[in-house]
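Have a look at the structure below before the remarks.
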Number of protein chains: 2
Amino acid sequence: MSRWQPDARGRLEQAALELYTERGFDRTTVAEIADRAGLTERTFFRHFADKREVLFGGQDALTELLTTHIAQAPESVSPIDAVGRALQATGEMLEGRREHARRRQAVIDANPGLQERELIKLASLAAAMAAALRRRGVPASAATLTAETGVAVFKVAYSRWLGASRRKDLTRVIGDSLDELKALTASA
Amino acid sequence: MSRWQPDARGRLEQAALELYTERGFDRTTVAEIADRAGLTERTFFRHFADKREVLFGGQDALTELLTTHIAQAPESVSPIDAVGRALQATGEMLEGRREHARRRQAVIDANPGLQERELIKLASLAAAMAAALRRRGVPASAATLTAETGVAVFKVAYSRWLGASRRKDLTRVIGDSLDELKALTASA
């Protein structure tokens, strides 16, 4: 086994992002990605179903992380705070990946088809979190409302984190955004 | 002018929904819709750009309604309540259309491409509401957070309204859902 093999996935991701940034997502082929990474197309397809998956491959891990954290939150934790903690855990996962995340987002923002994919991904995260809340005994409608609100908080926090002029801690940005939401929805 | 002309749009909508329900969205053609409505394809295209537009044609009117209500809310009204009132105004627009809305939703739920279109529609409503809030002087990040949360409330309320076993007032369901969100996010 070549000493590079273990990081094939990372090299493919890196090469794909470079190419998507340089020439656009639509004009990049899998052959070019593999070539840039110094790997074969066959290796590419061992790691990704298609070139879109390079951008959205973390979905399963993210869903798993969110639902596990919601399941494991102590009973005394309110539904919105269970969701908040789960979202903050994703912050730890993404920490140190801001430059990568920024370039990835620029590629998505430039392509309507990828934006649709992103929205679907967020909708399915909301559905998974709502299911995890229902398993905690939260009534269905409150579970959906809480999960959808959590996704709204995450979207805003993620975008703030990406756009911040200096390095910020995503976990903290998510916590701050949730606090801000609580203040915004506090009855006068 | 035929005495039917004034309602051509409504007849096309009705015919399209019937056909989408009977045979599926993908397997329905514009020619069939026009035929069922007793109109020509040319008339169809005077009212709708394509067969998807029959389901999403109300987007501009909805955006206009939401942003106008946000703009006109008294200064003393908080951002989340300005959004809440705007969303409630859409409830008035949809009142009496529940059966139509239910059938429309069933068509969308059965078709991933239409679901994507629905998510994009909601994302663009959130962006329009955030812009309307910024014009009221709400800081950008609070505006986005409030608008995204408003869309989350609307999604949940709309789905509750469609699914309720007996007729409910959408305006009230939206108000109740917003109140529930406030309770869910109230700090302990």
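Residues in the structure tokens are numbered from 1 in each chain, the chains being A, B, ... in the order shown, and ligands are numbered from 1 in the order shown.
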
Compile a residue-level contact table for chain B against chain A at a cut-off of 6 Å, reporting for every qualifying residue the shortest atom pair and its distance in Å to one decimal, with only C-alpha atoms counted, rows ordered by chain and ascending number, as a tab-separated table.
```
residue	atom	partner	partner_atom	distance
B:Glu148	CA	A:Ala152	CA	5.3
B:Thr149	CA	A:Thr149	CA	5.6
B:Ala152	CA	A:Glu148	CA	5.3
B:Lys182	CA	A:Thr185	CA	5.4
B:Thr185	CA	A:Lys182	CA	5.4
```

If we count only C-alpha atoms and set the cut-off at 12 Å, which residues sit around Glu22 (chain A), ignoring sequence neighbours fewer than 6 positions away in its own chain? Please answer as a list in words.
Ala15, Ala16, Thr28, Ile33, Arg103, Ala106 and Val107 of chain A

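One distance worth recording is that between CA of Leu65 (chain A) and CA of Met93 (chain A), which is 9.3 Å.
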
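CA of Ala71 (chain A) sits 7.5 Å away from CA of Leu133 (chain A).
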
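Across the model, the gap from CA of Thr171 (chain B) to CA of Glu92 (chain B) is 6.4 Å.
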
Please identify the helix (DSSP H, G or I) residues within region 2-171 of chain B (assignment by DSSP from backbone atoms) and present them as an MDAnalysis selection string.
chainID B and resid 5:23 30:37 41:47 53:56 59:72 79:94 98:109 112:135 140:163 170:171

Who sits within 12 Å of Leu12 (chain B), only C-alpha atoms, same chain under 2 positions skipped, as a PyMOL selection string
chain B and resi 4-10+14-20+30-48+50-51+53-55

Could you take the residues named above and write them with N, CA and C atoms, as a tab-separated table (two decimals), in the first residue's frame?
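Generated output (selection_0.tsv):
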```tsv
chain	number	residue	atom	x	y	z
B	4	TRP	N	-65.76	32.75	-20.06
B	4	TRP	CA	-64.90	31.99	-19.14
B	4	TRP	C	-63.53	32.62	-18.93
B	5	GLN	N	-63.10	33.41	-19.91
B	5	GLN	CA	-61.74	33.95	-19.86
B	5	GLN	C	-61.29	34.47	-18.49
B	6	PRO	N	-62.12	35.28	-17.82
B	6	PRO	CA	-61.64	35.88	-16.58
B	6	PRO	C	-61.13	34.82	-15.58
B	7	ASP	N	-61.68	33.61	-15.64
B	7	ASP	CA	-61.26	32.63	-14.65
B	7	ASP	C	-60.33	31.58	-15.25
B	8	ALA	N	-59.74	31.87	-16.40
B	8	ALA	CA	-58.88	30.88	-17.06
B	8	ALA	C	-57.78	30.40	-16.11
B	9	ARG	N	-57.18	31.31	-15.39
B	9	ARG	CA	-56.09	30.94	-14.49
B	9	ARG	C	-56.55	29.93	-13.43
B	10	GLY	N	-57.69	30.23	-12.83
B	10	GLY	CA	-58.22	29.33	-11.82
B	10	GLY	C	-58.57	27.96	-12.38
B	14	GLN	N	-56.87	24.39	-11.29
B	14	GLN	CA	-57.74	23.28	-10.88
B	14	GLN	C	-57.44	22.03	-11.71
B	15	ALA	N	-57.38	22.20	-13.02
B	15	ALA	CA	-57.14	21.07	-13.92
B	15	ALA	C	-55.76	20.47	-13.67
B	16	ALA	N	-54.76	21.34	-13.46
B	16	ALA	CA	-53.39	20.86	-13.24
B	16	ALA	C	-53.33	20.03	-11.96
B	17	LEU	N	-53.93	20.54	-10.89
B	17	LEU	CA	-53.89	19.82	-9.61
B	17	LEU	C	-54.57	18.46	-9.73
B	18	GLU	N	-55.69	18.43	-10.43
B	18	GLU	CA	-56.39	17.16	-10.64
B	18	GLU	C	-55.47	16.16	-11.34
B	19	LEU	N	-54.85	16.62	-12.40
B	19	LEU	CA	-54.00	15.72	-13.19
B	19	LEU	C	-52.75	15.30	-12.41
B	20	TYR	N	-52.12	16.25	-11.71
B	20	TYR	CA	-50.93	15.90	-10.92
B	20	TYR	C	-51.29	14.86	-9.87
B	30	VAL	N	-48.49	19.86	-20.33
B	30	VAL	CA	-49.22	21.13	-20.42
B	30	VAL	C	-50.43	20.96	-21.35
B	31	ALA	N	-50.26	20.20	-22.43
B	31	ALA	CA	-51.37	19.98	-23.37
B	31	ALA	C	-52.56	19.34	-22.65
B	32	GLU	N	-52.26	18.39	-21.76
B	32	GLU	CA	-53.33	17.72	-21.03
B	32	GLU	C	-54.03	18.66	-20.05
B	33	ILE	N	-53.23	19.52	-19.42
B	33	ILE	CA	-53.81	20.48	-18.49
B	33	ILE	C	-54.76	21.42	-19.23
B	34	ALA	N	-54.27	21.95	-20.34
B	34	ALA	CA	-55.09	22.88	-21.12
B	34	ALA	C	-56.37	22.18	-21.59
B	35	ASP	N	-56.21	20.96	-22.04
B	35	ASP	CA	-57.35	20.20	-22.53
B	35	ASP	C	-58.39	19.99	-21.43
B	36	ARG	N	-57.93	19.57	-20.27
B	36	ARG	CA	-58.85	19.34	-19.15
B	36	ARG	C	-59.57	20.63	-18.75
B	37	ALA	N	-58.87	21.76	-18.87
B	37	ALA	CA	-59.48	23.04	-18.51
B	37	ALA	C	-60.35	23.60	-19.64
B	38	GLY	N	-60.33	22.93	-20.79
B	38	GLY	CA	-61.11	23.42	-21.92
B	38	GLY	C	-60.49	24.68	-22.52
B	39	LEU	N	-59.16	24.77	-22.44
B	39	LEU	CA	-58.46	25.96	-22.95
B	39	LEU	C	-57.31	25.49	-23.85
B	40	THR	N	-56.62	26.44	-24.46
B	40	THR	CA	-55.49	26.07	-25.33
B	40	THR	C	-54.17	26.15	-24.56
B	41	GLU	N	-53.16	25.48	-25.12
B	41	GLU	CA	-51.82	25.57	-24.54
B	41	GLU	C	-51.35	27.01	-24.51
B	42	ARG	N	-51.72	27.73	-25.56
B	42	ARG	CA	-51.30	29.12	-25.62
B	42	ARG	C	-51.82	29.92	-24.43
B	43	THR	N	-53.08	29.64	-24.08
B	43	THR	CA	-53.65	30.31	-22.91
B	43	THR	C	-52.88	29.91	-21.65
B	44	PHE	N	-52.54	28.61	-21.57
B	44	PHE	CA	-51.75	28.16	-20.41
B	44	PHE	C	-50.49	29.01	-20.26
B	45	PHE	N	-49.78	29.17	-21.38
B	45	PHE	CA	-48.50	29.88	-21.30
B	45	PHE	C	-48.65	31.39	-21.14
B	46	ARG	N	-49.87	31.88	-21.32
B	46	ARG	CA	-50.10	33.29	-20.99
B	46	ARG	C	-50.14	33.46	-19.48
B	47	HIS	N	-50.49	32.40	-18.76
B	47	HIS	CA	-50.63	32.49	-17.31
B	47	HIS	C	-49.45	31.92	-16.53
B	48	PHE	N	-48.80	30.89	-17.11
B	48	PHE	CA	-47.72	30.20	-16.37
B	48	PHE	C	-46.54	29.93	-17.29
B	50	ASP	N	-44.37	27.51	-16.93
B	50	ASP	CA	-44.30	26.06	-17.15
B	50	ASP	C	-45.22	25.38	-16.14
B	51	LYS	N	-45.25	24.05	-16.18
B	51	LYS	CA	-46.24	23.37	-15.33
B	51	LYS	C	-45.87	23.42	-13.85
B	53	GLU	N	-44.83	26.18	-12.41
B	53	GLU	CA	-45.30	27.48	-11.97
B	53	GLU	C	-46.74	27.44	-11.48
B	54	VAL	N	-47.51	26.45	-11.94
B	54	VAL	CA	-48.90	26.35	-11.48
B	54	VAL	C	-48.91	26.14	-9.96
B	55	LEU	N	-47.88	25.45	-9.47
B	55	LEU	CA	-47.82	25.16	-8.03
B	55	LEU	C	-47.16	26.30	-7.23
```
